[in-house]
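I have placed the structure first, in the form of structure tokens, so that the comments after it can refer back to it.
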Amino acid sequence: MNKVFNNADEALKDIYDGAILLLGGFGLCGIPENCINAIVKKDTKNLTCISNNAGVDDFGIGLMLQKKQVKKMIASYVGENAEFERQLLSGELEVDLIPQGTLATRCMAAGYGMPAIFTPAGVGTEVAIGKEVRIFDNKTYLLEYAFDADFAIVKAWKGDTDGNLIYKATARNFNPLMAMAGKITIAEVEEVVPAGELDPNQIHTPGIYVHRIFEGKNYEKRIEQRTVKKLAD
Amino acid sequence: MNKVFNNADEALKDIYDGAILLLGGFGLCGIPENCINAIVKKDTKNLTCISNNAGVDDFGIGLMLQKKQVKKMIASYVGENAEFERQLLSGELEVDLIPQGTLATRCMAAGYGMPAIFTPAGVGTEVAIGKEVRIFDNKTYLLEYAFDADFAIVKAWKGDTDGNLIYKATARNFNPLMAMAGKITIAEVEEVVPAGELDPNQIHTPGIYVHRIFEGKNYEKRIEQRTVKKLAD
Amino acid sequence: MLNKNQIAQRLAKELQDGFYVNLGIGIPTLVANYIPEGISVVLQSENGLLGMGPFPFEGEEDADLINAGKQTITTVPGSSFFDSAMSFGMIRAGKVDLTILGAMEVSETGDIANWKIPGKMVKGMGGAMDLVASAKNIVVAMMHTNPKGESKLLHRCVLPLTGIGCVKKIVSDLAVLDITNEGFKLLERAPGVSVEEIIAKTAGKLIVDGEIPEMQF
Amino acid sequence: MLNKNQIAQRLAKELQDGFYVNLGIGIPTLVANYIPEGISVVLQSENGLLGMGPFPFEGEEDADLINAGKQTITTVPGSSFFDSAMSFGMIRAGKVDLTILGAMEVSETGDIANWKIPGKMVKGMGGAMDLVASAKNIVVAMMHTNPKGESKLLHRCVLPLTGIGCVKKIVSDLAVLDITNEGFKLLERAPGVSVEEIIAKTAGKLIVDGEIPEMQF
């Protein structure tokens with residue numbers, strides 16, 4: 001069974017209007033650039049995007065917001081995006097802000113076949129409104145449900161033809177969790193190698209979770225906050 | 001702060017009678033041989049041992065059973081151990097048999113600060129007796145609690161002086177999960193290297209979960225079922 | 001009547017290209033020897049491996065590389081190791097396409113018992129309860145009767161259950177049967193075995209509908 | 001009155017040898033510049049890193065290596081990368097010894113608000129709600145008053161909460177205070193700042209018990 005696709009357009013050809021997408025990355029780090037560009041080109045509409053952030057105005061998910069492809073955004077932090085704020089305040093965009101650990105764990109729950117998890121994050125805050133509360137050992141937790149997403153779209157460093165993935169440094173972030181959580185998981189990687197070339201001991205996402213893989217092109221890997229020490233420091 | 005100990009005796013010197021221990025390994029694969037031998041030598045009593053298996057009569061946890069150090073055993077499969085069966089049938093040993101995935105996930109829950117998880121394993125069986133049942137999306141689950149153990153005792157392949165661990169092949173099994181779940185986690189490894197020598201991208205257990213580490217000696221690594229192909233095959 | 005290897009051979013026909021498959025201890029393990037030409041499957045071992053290969057050559061055994069039956073094994077290209085939580089995570093999440101395991105008893109409603117004989121044998125359920133509670137496609141490999149000749153395909157299981165309403169299909173030494181809402185449904189009979197013998201040796205409700213073909217291998 | 005760097009310097013005195021520490025965005029990030037001699041701490045960044053190092057030298061930035069503030073960083077020997085579920089797993093499990101973060105408001109019962117100003121600013125809570133709900137030791141770095149001179153140490157928070165009853169200590173530009181069952185307890189005052197000024201600028205219940213020493217750095 002072949003999992004390898006030529007490019008983002010082919011790997012994403014059945015993404016449909018109204019689909020629920022999980023999109024990997026933290027800030028602009030480890031985002032599936034090629035896939036996002038392909039979705040923008042395809043102009044798929046009414047998407048629900050679950051992603052820690054919403055990109056910036058002219059990069060990442062920000063591009064999808066510019067084209068008004070996103071109906072609802074589920075994220076933990078969106079503070080770098082003027083167009084996002086505009087759509088939110090105008091009511092064009094539905095937004096569900098949730099704690100970052102909750103976001104991560106709701107992905108993991110889906111990938112691990114756990115329908116719901118308990119977390120203390122958000123207890124006593126507006127995040128808890130309408131949610132089931134439960135006390136264990138004198139500590140209060142919220143019941144949070146596993147995500148039920150149609151597609152997971154992730155970015156890895158290396159992958160093999162069987163769909164095994166390895167991430168690099170902090171570009172790992174949400175990617176392995178989302179990879180586990182999609183009904184269909186599409187991975188773009190910087191390099192596709194033949195099965196057998198990656199050390200089985202170092203696989204971050206086993207291929208069983210990955211349905212489609214392709215080698216992404218022309219990664220920009222934009223840096224949001226370029227902080228450096230001068231050599232003189 | 002120094003995490004490196006000279007040997008199992010030193011790393012385990014505060015293990016006390018009545019303690020609850022998590023012990024890594026699957027069958028005899030990836031078990032903390034040096035630690036088990038040290039506990040046998042120390043003759044700590046009334047232990048609760050949480051481990052997937054109970055070793056064989058003369059190796060692994062079987063040695064602790066021989067010396068009647070174990071009050072209660074929580075495991076998923078114990079079918080290789082005559083002394084175990086004798087103590088169980090005679091009522092000397094308290095035994096809680098639980099599904100293997102439940103065992104694994106109750107460790108993970110502890111390491112991830114989740115007080116309880118839902119699993120369908122055991123629904124409709126005697127495992128479900130007395131347990132809370134809940135239906136999500138027309139499927140029935142049991143509520144299972146995170147383990148609350150005093151010590152986690154694990155075996156890794158390589159470790160560094162900061163407690164970072166890398167496991168080898170299927171000797172990984174329960175070890176990383178138990179490492180996360182102990183109030184005090186003790187890791188024995190085949191080789192301790194200075195912090196900085198292991199690739200940070202390939203760490204299986206981050207050092208934050210590991211309190212003590214030592215280089216184990218004279219690994220026997222006994223094989224339970226030596227199955228081979230003859231070269232002629 | 002099929003021997004164990006023939007049961008395994010028939011089971012192998014359930015495999016489809018691209019399947020991720022978990023094979024239990026005993027007869028199911030033998031299925032790996034009969035994977036049809038042109039079909040590629042990935043074997044999952046619940047102790048933390050995808051891409052299990054054959055036994056190693058003598059002298060090449062690695063104590064750190066075993067399967068869930070504690071046998072020394074090898075890996076194939078594209079394999080991966082992971083911890084037991086992820087292993088059962090992928091099982092619970094339904095990522096394993098086919099699970100084949102043994103049974104002491106199966107009921108006409110798909111209940112299975114295979115882990116305990118009260119007062120006699122308590123080895124534990126291992127990963128079987130997780131597998132049967134989670135897998136979407138569970139096929140049982142079993143002998144149709146016990147050594148005394150009593151049926152192991154029952155109206156209701158007598159032994160402590162491993163899981164309820166989960167078995168989809170049975171391949172026994174006598175027959176292939178689906179579990180349907182109406183009970184066991186006879187699909188195929190072993191070469192030389194009559195429908196009458198299968199009826200006689202099936203204690204649970206059995207549906208025999210039309211001509212029952214002999215198994216093909 | 002302390003400047004931001006002085007607040008960070010005072011906060012650094014909360015560090016103990018062997019601590020795993022999560023530093024929030026803003027002033028808390030600066031604490032890394034003042035780690036006392038002879039003390040070794042490991043910095044956790046909730047986007048998936050233990051062992052965060054200083055900013056890279058110019059030209060050595062790696063887009064794949066950032067902290068939770070999206071700044072390019074480096075790693076120190078003994079570092080490790082992991083996914084966000086494990087990152088918040090270790091946070092929830094109480095493995096992080098000290099969390100230092102900023103706040104817009106803190107109440108005398110230890111509630112904190114730092115993620116939203118209704119109608120004005122909605123950036124999101126990021127990891128702050130997880131951190132404050134889980135960490136056993138939460139210290140807040142903040143200005144004692146807002147630009148209008150109004151106290152940010154309140155009887156009850158006015159802004160939407162990030163967490164309840166979680167803050168243990170505050171280091172502000174004016175003072176160091178513990179949160180006790182009886183309210184804010186003044187521990188130290190900034191050089192040149194009088195107890196009277198702190199009393200005047202603290203809206204919540206404030207306990208002043210005996211002589212209040214000046215901060216030492």
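Chain labels follow the order of the structure tokens: the first chain is A, the next B, and so on; residue numbering restarts at 1 in every chain, and ligands are counted from 1 in their shown order.
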Practice item. Tell me, as a PyMOL selection string, which residues lie within 6 Å of region 159-174 of chain B, counting only C-alpha atoms; anything in the same chain fewer than 5 positions away does not count. Key: (chain A and resi 201) or (chain B and resi 24-25+29-30+192-195+203-207+210) or (chain C and resi 47-48+64-65+81+83-84) or (chain D and resi 78)
Go ahead and write the residues just picked, N, CA, C and O atoms, as a PDB file, in the first residue's frame.
ATOM      1  N   ASN A 201      14.335   2.753  16.748  1.00  0.00           N
ATOM      2  CA  ASN A 201      14.385   3.175  18.143  1.00  0.00           C
ATOM      3  C   ASN A 201      14.138   4.675  18.291  1.00  0.00           C
ATOM      4  O   ASN A 201      13.931   5.163  19.395  1.00  0.00           O
TER       5      ASN A 201
ATOM      6  N   GLY B  24       9.766  -1.903  35.991  1.00  0.00           N
ATOM      7  CA  GLY B  24       9.692  -1.958  34.540  1.00  0.00           C
ATOM      8  C   GLY B  24      10.011  -3.331  33.981  1.00  0.00           C
ATOM      9  O   GLY B  24      10.498  -4.221  34.685  1.00  0.00           O
ATOM     10  N   GLY B  25       9.729  -3.485  32.696  1.00  0.00           N
ATOM     11  CA  GLY B  25      10.030  -4.733  32.009  1.00  0.00           C
ATOM     12  C   GLY B  25       8.791  -5.424  31.481  1.00  0.00           C
ATOM     13  O   GLY B  25       7.674  -5.184  31.953  1.00  0.00           O
ATOM     14  N   CYS B  29      12.359  -9.048  29.708  1.00  0.00           N
ATOM     15  CA  CYS B  29      12.976  -8.093  28.782  1.00  0.00           C
ATOM     16  C   CYS B  29      12.910  -6.688  29.367  1.00  0.00           C
ATOM     17  O   CYS B  29      11.828  -6.166  29.627  1.00  0.00           O
ATOM     18  N   GLY B  30      14.076  -6.094  29.595  1.00  0.00           N
ATOM     19  CA  GLY B  30      14.112  -4.734  30.116  1.00  0.00           C
ATOM     20  C   GLY B  30      13.774  -4.635  31.583  1.00  0.00           C
ATOM     21  O   GLY B  30      13.265  -3.606  32.039  1.00  0.00           O
ATOM     22  N   VAL B 192      26.198   4.966  31.724  1.00  0.00           N
ATOM     23  CA  VAL B 192      25.942   6.364  32.092  1.00  0.00           C
ATOM     24  C   VAL B 192      26.960   7.231  31.366  1.00  0.00           C
ATOM     25  O   VAL B 192      28.164   6.988  31.460  1.00  0.00           O
ATOM     26  N   VAL B 193      26.458   8.228  30.640  1.00  0.00           N
ATOM     27  CA  VAL B 193      27.361   9.140  29.932  1.00  0.00           C
ATOM     28  C   VAL B 193      27.178  10.550  30.491  1.00  0.00           C
ATOM     29  O   VAL B 193      26.165  10.847  31.127  1.00  0.00           O
ATOM     30  N   PRO B 194      28.157  11.424  30.274  1.00  0.00           N
ATOM     31  CA  PRO B 194      28.003  12.809  30.755  1.00  0.00           C
ATOM     32  C   PRO B 194      26.851  13.508  30.050  1.00  0.00           C
ATOM     33  O   PRO B 194      26.588  13.243  28.871  1.00  0.00           O
ATOM     34  N   ALA B 195      26.170  14.395  30.782  1.00  0.00           N
ATOM     35  CA  ALA B 195      25.105  15.206  30.181  1.00  0.00           C
ATOM     36  C   ALA B 195      25.659  15.893  28.947  1.00  0.00           C
ATOM     37  O   ALA B 195      26.757  16.443  28.972  1.00  0.00           O
ATOM     38  N   ILE B 203      15.838  11.506  23.271  1.00  0.00           N
ATOM     39  CA  ILE B 203      15.614  11.113  24.658  1.00  0.00           C
ATOM     40  C   ILE B 203      14.210  10.523  24.789  1.00  0.00           C
ATOM     41  O   ILE B 203      13.240  11.134  24.359  1.00  0.00           O
ATOM     42  N   HIS B 204      14.100   9.355  25.389  1.00  0.00           N
ATOM     43  CA  HIS B 204      12.774   8.778  25.616  1.00  0.00           C
ATOM     44  C   HIS B 204      12.176   9.245  26.943  1.00  0.00           C
ATOM     45  O   HIS B 204      10.977   9.477  27.039  1.00  0.00           O
ATOM     46  N   THR B 205      12.985   9.330  27.973  1.00  0.00           N
ATOM     47  CA  THR B 205      12.525   9.838  29.271  1.00  0.00           C
ATOM     48  C   THR B 205      13.370  11.042  29.665  1.00  0.00           C
ATOM     49  O   THR B 205      14.556  10.898  29.955  1.00  0.00           O
ATOM     50  N   PRO B 206      12.775  12.229  29.674  1.00  0.00           N
ATOM     51  CA  PRO B 206      13.530  13.416  30.104  1.00  0.00           C
ATOM     52  C   PRO B 206      13.929  13.299  31.580  1.00  0.00           C
ATOM     53  O   PRO B 206      13.184  12.746  32.398  1.00  0.00           O
ATOM     54  N   GLY B 207      15.094  13.837  31.892  1.00  0.00           N
ATOM     55  CA  GLY B 207      15.661  13.711  33.230  1.00  0.00           C
ATOM     56  C   GLY B 207      14.795  14.250  34.354  1.00  0.00           C
ATOM     57  O   GLY B 207      14.972  13.862  35.504  1.00  0.00           O
ATOM     58  N   VAL B 210      13.498  11.574  36.470  1.00  0.00           N
ATOM     59  CA  VAL B 210      14.445  10.591  37.033  1.00  0.00           C
ATOM     60  C   VAL B 210      15.245  11.215  38.169  1.00  0.00           C
ATOM     61  O   VAL B 210      15.906  12.227  37.987  1.00  0.00           O
TER      62      VAL B 210
ATOM     63  N   ASN C  47       3.875  -5.449  22.974  1.00  0.00           N
ATOM     64  CA  ASN C  47       4.930  -5.010  23.892  1.00  0.00           C
ATOM     65  C   ASN C  47       5.738  -3.847  23.330  1.00  0.00           C
ATOM     66  O   ASN C  47       6.689  -3.400  23.980  1.00  0.00           O
ATOM     67  N   GLY C  48       5.344  -3.343  22.151  1.00  0.00           N
ATOM     68  CA  GLY C  48       5.941  -2.086  21.697  1.00  0.00           C
ATOM     69  C   GLY C  48       6.661  -2.117  20.367  1.00  0.00           C
ATOM     70  O   GLY C  48       7.725  -1.510  20.234  1.00  0.00           O
ATOM     71  N   ASP C  64      16.806  -8.066  24.038  1.00  0.00           N
ATOM     72  CA  ASP C  64      16.036  -6.818  24.074  1.00  0.00           C
ATOM     73  C   ASP C  64      15.003  -6.739  22.950  1.00  0.00           C
ATOM     74  O   ASP C  64      14.342  -5.711  22.799  1.00  0.00           O
ATOM     75  N   LEU C  65      14.897  -7.795  22.172  1.00  0.00           N
ATOM     76  CA  LEU C  65      13.973  -7.761  21.033  1.00  0.00           C
ATOM     77  C   LEU C  65      13.110  -9.023  21.031  1.00  0.00           C
ATOM     78  O   LEU C  65      13.496 -10.056  20.494  1.00  0.00           O
ATOM     79  N   PHE C  81       9.768   1.159  17.373  1.00  0.00           N
ATOM     80  CA  PHE C  81       9.564   0.767  18.766  1.00  0.00           C
ATOM     81  C   PHE C  81       8.869   1.899  19.509  1.00  0.00           C
ATOM     82  O   PHE C  81       9.086   3.073  19.205  1.00  0.00           O
ATOM     83  N   ASP C  83       6.521   2.734  23.548  1.00  0.00           N
ATOM     84  CA  ASP C  83       6.215   2.212  24.880  1.00  0.00           C
ATOM     85  C   ASP C  83       4.828   1.566  24.886  1.00  0.00           C
ATOM     86  O   ASP C  83       4.064   1.657  23.923  1.00  0.00           O
ATOM     87  N   SER C  84       4.513   0.909  25.986  1.00  0.00           N
ATOM     88  CA  SER C  84       3.276   0.131  26.077  1.00  0.00           C
ATOM     89  C   SER C  84       2.032   1.021  26.082  1.00  0.00           C
ATOM     90  O   SER C  84       0.960   0.582  25.667  1.00  0.00           O
TER      91      SER C  84
ATOM     92  N   GLY D  78      22.559  18.149  28.268  1.00  0.00           N
ATOM     93  CA  GLY D  78      21.578  17.454  29.095  1.00  0.00           C
ATOM     94  C   GLY D  78      20.151  17.819  28.761  1.00  0.00           C
ATOM     95  O   GLY D  78      19.221  17.408  29.455  1.00  0.00           O
TER      96      GLY D  78
END
Pose of chain D fitted onto chain C, C-alpha LSQ, given as a short mmCIF file (atom, residue, chain, number, x, y, z; two decimals) with C-alpha atoms, in the first residue's frame:
data_model
loop_
_atom_site.label_atom_id
_atom_site.label_comp_id
_atom_site.auth_asym_id
_atom_site.auth_seq_id
_atom_site.Cartn_x
_atom_site.Cartn_y
_atom_site.Cartn_z
CA MET D 1 -10.33 -31.38 10.05
CA LEU D 2 -7.61 -28.76 9.87
CA ASN D 3 -4.36 -28.92 11.78
CA LYS D 4 -2.95 -25.79 13.40
CA ASN D 5 -0.96 -24.81 10.35
CA GLN D 6 -3.99 -25.18 8.11
CA ILE D 7 -6.05 -23.01 10.43
CA ALA D 8 -3.29 -20.39 10.21
CA GLN D 9 -3.24 -20.74 6.45
CA ARG D 10 -6.99 -20.13 6.23
CA LEU D 11 -6.73 -17.19 8.63
CA ALA D 12 -4.13 -15.62 6.38
CA LYS D 13 -6.85 -15.15 3.77
CA GLU D 14 -8.37 -12.50 6.07
CA LEU D 15 -5.33 -10.29 5.52
CA GLN D 16 -5.57 -7.36 3.14
CA ASP D 17 -2.84 -5.25 1.65
CA GLY D 18 -1.75 -2.45 3.99
CA PHE D 19 -3.33 -4.00 7.08
CA TYR D 20 -1.82 -3.48 10.51
CA VAL D 21 -2.31 -6.80 12.28
CA ASN D 22 -1.95 -8.04 15.83
CA LEU D 23 -1.42 -11.78 16.12
CA GLY D 24 -1.96 -13.47 19.47
CA ILE D 25 0.02 -16.31 20.97
CA GLY D 26 -0.35 -19.85 19.56
CA ILE D 27 -2.03 -20.52 16.22
CA PRO D 28 -2.35 -16.80 15.37
CA THR D 29 1.44 -16.45 15.46
CA LEU D 30 1.64 -19.05 12.69
CA VAL D 31 -0.41 -16.82 10.37
CA ALA D 32 2.77 -14.83 9.70
CA ASN D 33 4.07 -17.85 7.78
CA TYR D 34 1.21 -17.71 5.26
CA ILE D 35 0.94 -14.08 4.23
CA PRO D 36 -0.30 -14.23 0.62
CA GLU D 37 1.95 -13.16 -2.25
CA GLY D 38 1.60 -9.54 -3.25
CA ILE D 39 0.10 -8.52 0.05
CA SER D 40 2.01 -6.42 2.51
CA VAL D 41 0.93 -6.30 6.13
CA VAL D 42 2.60 -4.81 9.19
CA LEU D 43 2.61 -6.94 12.33
CA GLN D 44 2.06 -5.19 15.65
CA SER D 45 3.35 -6.71 18.84
CA GLU D 46 1.71 -5.11 21.85
CA ASN D 47 4.90 -5.05 23.89
CA GLY D 48 5.93 -2.12 21.68
CA LEU D 49 6.74 -2.95 18.09
CA LEU D 50 5.32 -2.34 14.63
CA GLY D 51 7.01 -4.28 11.87
CA MET D 52 7.73 -7.61 13.51
CA GLY D 53 9.83 -9.94 11.37
CA PRO D 54 10.59 -13.68 11.53
CA PHE D 55 12.59 -15.45 14.22
CA PRO D 56 16.29 -14.60 14.16
CA PHE D 57 18.92 -16.96 12.85
CA GLU D 58 20.57 -19.05 15.53
CA GLY D 59 23.15 -16.95 17.37
CA GLU D 60 21.53 -13.68 16.35
CA GLU D 61 18.91 -13.59 19.12
CA ASP D 62 18.66 -10.30 20.98
CA ALA D 63 17.22 -10.47 24.51
CA ASP D 64 16.01 -6.89 24.05
CA LEU D 65 13.95 -7.81 21.00
CA ILE D 66 11.02 -10.08 21.75
CA ASN D 67 7.35 -10.32 20.83
CA ALA D 68 4.35 -10.38 23.14
CA GLY D 69 4.78 -14.17 23.45
CA LYS D 70 8.30 -13.49 24.82
CA GLN D 71 9.83 -15.12 21.74
CA THR D 72 13.01 -13.75 20.22
CA ILE D 73 12.19 -12.10 16.89
CA THR D 74 13.54 -9.67 14.31
CA THR D 75 12.24 -6.49 12.72
CA VAL D 76 11.51 -5.65 9.10
CA PRO D 77 12.44 -2.38 7.34
CA GLY D 78 10.09 0.40 8.41
CA SER D 79 9.63 -0.92 11.93
CA SER D 80 9.31 1.23 15.02
CA PHE D 81 9.55 0.74 18.77
CA PHE D 82 7.35 2.51 21.30
CA ASP D 83 6.21 2.18 24.88
CA SER D 84 3.27 0.10 26.08
CA ALA D 85 0.98 3.11 26.54
CA MET D 86 1.35 4.10 22.90
CA SER D 87 1.01 0.45 21.89
CA PHE D 88 -2.35 0.11 23.59
CA GLY D 89 -3.17 3.66 22.56
CA MET D 90 -3.05 2.70 18.90
CA ILE D 91 -5.03 -0.44 19.72
CA ARG D 92 -7.74 1.48 21.58
CA ALA D 93 -7.86 4.12 18.86
CA GLY D 94 -8.74 1.44 16.31
CA LYS D 95 -5.55 1.83 14.26
CA VAL D 96 -4.97 -1.93 14.20
CA ASP D 97 -7.01 -3.30 11.29
CA LEU D 98 -7.17 -6.93 12.31
CA THR D 99 -6.63 -8.85 15.53
CA ILE D 100 -6.39 -12.62 15.52
CA LEU D 101 -6.36 -14.41 18.85
CA GLY D 102 -7.11 -17.73 20.47
CA ALA D 103 -10.10 -18.56 22.65
CA MET D 104 -11.25 -21.19 25.10
CA GLU D 105 -14.90 -20.33 24.45
CA VAL D 106 -16.86 -18.03 22.13
CA SER D 107 -20.56 -17.30 22.49
CA GLU D 108 -23.10 -16.87 19.71
CA THR D 109 -23.18 -13.14 20.57
CA GLY D 110 -19.44 -12.75 20.14
CA ASP D 111 -18.37 -12.93 23.77
CA ILE D 112 -14.97 -14.48 24.29
CA ALA D 113 -13.29 -16.24 27.22
CA ASN D 114 -9.59 -16.98 27.08
CA TRP D 115 -7.78 -15.96 30.24
CA LYS D 116 -8.83 -17.92 33.26
CA ILE D 117 -10.18 -21.28 34.42
CA PRO D 118 -11.40 -20.76 37.98
CA GLY D 119 -9.55 -22.92 40.47
CA LYS D 120 -7.29 -24.32 37.77
CA MET D 121 -5.45 -21.73 35.80
CA VAL D 122 -4.88 -18.04 36.38
CA LYS D 123 -2.28 -16.73 34.03
CA GLY D 124 -3.87 -13.32 33.53
CA MET D 125 -5.42 -11.54 30.61
CA GLY D 126 -2.26 -9.84 29.35
CA GLY D 127 -3.28 -7.56 26.51
CA ALA D 128 -6.26 -9.64 25.40
CA MET D 129 -8.92 -7.59 27.20
CA ASP D 130 -7.60 -4.38 25.68
CA LEU D 131 -7.46 -5.92 22.23
CA VAL D 132 -10.95 -7.39 22.23
CA ALA D 133 -12.48 -4.26 23.74
CA SER D 134 -10.92 -1.99 21.13
CA ALA D 135 -10.19 -3.71 17.85
CA LYS D 136 -12.78 -3.25 15.16
CA ASN D 137 -12.04 -6.57 13.51
CA ILE D 138 -11.48 -9.54 15.77
CA VAL D 139 -11.05 -13.03 14.39
CA VAL D 140 -10.67 -16.02 16.66
CA ALA D 141 -8.53 -19.06 15.93
CA MET D 142 -9.66 -22.07 17.97
CA MET D 143 -10.46 -25.73 18.13
CA HIS D 144 -14.15 -26.32 17.64
CA THR D 145 -14.32 -28.68 20.62
CA ASN D 146 -12.31 -29.39 23.76
CA PRO D 147 -10.36 -32.63 24.20
CA LYS D 148 -13.53 -34.27 25.60
CA GLY D 149 -15.34 -33.43 22.37
CA GLU D 150 -17.51 -30.72 23.92
CA SER D 151 -18.29 -27.67 21.85
CA LYS D 152 -16.40 -24.46 22.58
CA LEU D 153 -18.87 -22.44 20.49
CA LEU D 154 -21.58 -21.83 23.03
CA HIS D 155 -24.88 -20.15 23.66
CA ARG D 156 -23.20 -18.31 26.51
CA CYS D 157 -19.64 -18.58 27.76
CA VAL D 158 -19.17 -20.50 31.01
CA LEU D 159 -15.63 -19.34 31.77
CA PRO D 160 -14.85 -15.79 32.96
CA LEU D 161 -15.14 -13.43 30.01
CA THR D 162 -12.33 -11.58 28.29
CA GLY D 163 -14.70 -9.33 26.35
CA ILE D 164 -18.31 -9.06 25.26
CA GLY D 165 -19.86 -8.90 21.82
CA CYS D 166 -16.55 -8.42 20.11
CA VAL D 167 -15.70 -11.47 18.01
CA LYS D 168 -16.55 -11.04 14.33
CA LYS D 169 -15.37 -14.32 12.87
CA ILE D 170 -14.08 -17.74 13.90
CA VAL D 171 -11.74 -20.03 12.06
CA SER D 172 -11.76 -23.43 13.74
CA ASP D 173 -10.40 -26.82 12.79
CA LEU D 174 -13.86 -27.58 11.37
CA ALA D 175 -15.29 -24.40 9.94
CA VAL D 176 -15.29 -20.70 9.24
CA LEU D 177 -18.15 -18.85 10.90
CA ASP D 178 -19.28 -15.26 11.19
CA ILE D 179 -20.89 -13.94 14.35
CA THR D 180 -24.14 -12.27 13.32
CA ASN D 181 -27.03 -10.76 15.19
CA GLU D 182 -28.74 -14.11 14.82
CA GLY D 183 -25.84 -16.24 16.08
CA PHE D 184 -23.02 -18.20 14.47
CA LYS D 185 -23.37 -18.28 10.68
CA LEU D 186 -21.58 -21.10 8.91
CA LEU D 187 -19.55 -19.82 5.96
CA GLU D 188 -17.15 -22.60 5.04
CA ARG D 189 -16.40 -26.11 6.17
CA ALA D 190 -12.99 -27.76 6.43
CA PRO D 191 -12.16 -30.25 3.66
CA GLY D 192 -13.88 -33.53 4.41
CA VAL D 193 -15.96 -32.16 7.28
CA SER D 194 -19.72 -32.40 6.86
CA VAL D 195 -22.25 -29.73 7.75
CA GLU D 196 -23.84 -32.31 10.05
CA GLU D 197 -20.63 -32.70 12.05
CA ILE D 198 -20.35 -28.91 12.46
CA ILE D 199 -23.96 -28.70 13.57
CA ALA D 200 -23.37 -31.49 16.07
CA LYS D 201 -20.28 -29.82 17.50
CA THR D 202 -21.68 -26.30 17.75
CA ALA D 203 -23.62 -25.79 20.99
CA GLY D 204 -24.63 -22.19 20.31
CA LYS D 205 -27.21 -21.10 17.78
CA LEU D 206 -25.95 -21.94 14.30
CA ILE D 207 -27.33 -20.63 11.03
CA VAL D 208 -26.77 -22.82 8.00
CA ASP D 209 -28.00 -21.07 4.93
CA GLY D 210 -27.87 -22.87 1.56
CA GLU D 211 -24.87 -24.78 0.25
CA ILE D 212 -21.77 -24.46 2.46
CA PRO D 213 -18.59 -24.50 0.38
CA GLU D 214 -15.37 -26.17 1.36
CA MET D 215 -12.56 -23.86 2.41
CA GLN D 216 -10.15 -22.77 -0.26
CA PHE D 217 -6.51 -22.15 0.60
#
Output as a Markdown table one row per residue of chain A within 7 Å of chain D: the closest atom pair and its distance in Å to one decimal place, counting only C-alpha atoms, sorted by chain and residue number ascending.
| residue | atom | partner | partner_atom | distance |
| --- | --- | --- | --- | --- |
| A:Gly27 | CA | D:Lys70 | CA | 6.5 |
| A:Cys29 | CA | D:Asp64 | CA | 5.8 |
| A:Gly30 | CA | D:Asp64 | CA | 6.7 |
| A:Ser76 | CA | D:Gly126 | CA | 4.6 |
| A:Tyr77 | CA | D:Gly124 | CA | 4.3 |
| A:Val78 | CA | D:Lys123 | CA | 5.1 |
| A:Gly79 | CA | D:Lys123 | CA | 4.2 |
| A:Leu97 | CA | D:Gly124 | CA | 6.0 |
| A:Pro99 | CA | D:Gly126 | CA | 5.7 |
| A:Gln100 | CA | D:Gly127 | CA | 4.7 |
| A:Gly101 | CA | D:Phe88 | CA | 5.2 |
| A:Ala104 | CA | D:Ala85 | CA | 5.0 |
| A:Thr105 | CA | D:Ala85 | CA | 5.4 |
| A:Met108 | CA | D:Ala85 | CA | 6.9 |
| A:Pro120 | CA | D:Ala133 | CA | 5.6 |
| A:Ala121 | CA | D:Asp130 | CA | 4.4 |
| A:Gly122 | CA | D:Met129 | CA | 5.6 |
| A:Val123 | CA | D:Gly163 | CA | 6.8 |
| A:Gly124 | CA | D:Ile164 | CA | 6.1 |
| A:Thr125 | CA | D:Leu161 | CA | 5.3 |
| A:Lys168 | CA | D:Asp64 | CA | 6.7 |
| A:Ala169 | CA | D:Leu65 | CA | 5.8 |
| A:Thr170 | CA | D:Leu65 | CA | 5.2 |
| A:Ala171 | CA | D:Asp64 | CA | 5.0 |
| A:Arg172 | CA | D:Asp83 | CA | 5.8 |
| A:Asn173 | CA | D:Asp83 | CA | 4.6 |
| A:Phe174 | CA | D:Ser84 | CA | 5.6 |
| A:Pro176 | CA | D:Asp83 | CA | 6.9 |
| A:Lys221 | CA | D:Ala63 | CA | 6.0 |
| A:Arg222 | CA | D:Ala63 | CA | 6.8 |
| A:Ile223 | CA | D:Ala63 | CA | 5.5 |
| A:Glu224 | CA | D:Lys70 | CA | 6.2 |
| A:Gln225 | CA | D:Gln71 | CA | 4.6 |
| A:Arg226 | CA | D:Thr72 | CA | 5.6 |
| A:Thr227 | CA | D:Thr72 | CA | 5.4 |
| A:Val228 | CA | D:Phe55 | CA | 5.0 |
| A:Lys229 | CA | D:Phe57 | CA | 4.6 |
| A:Lys230 | CA | D:Phe57 | CA | 5.8 |
| A:Leu231 | CA | D:Phe57 | CA | 6.0 |
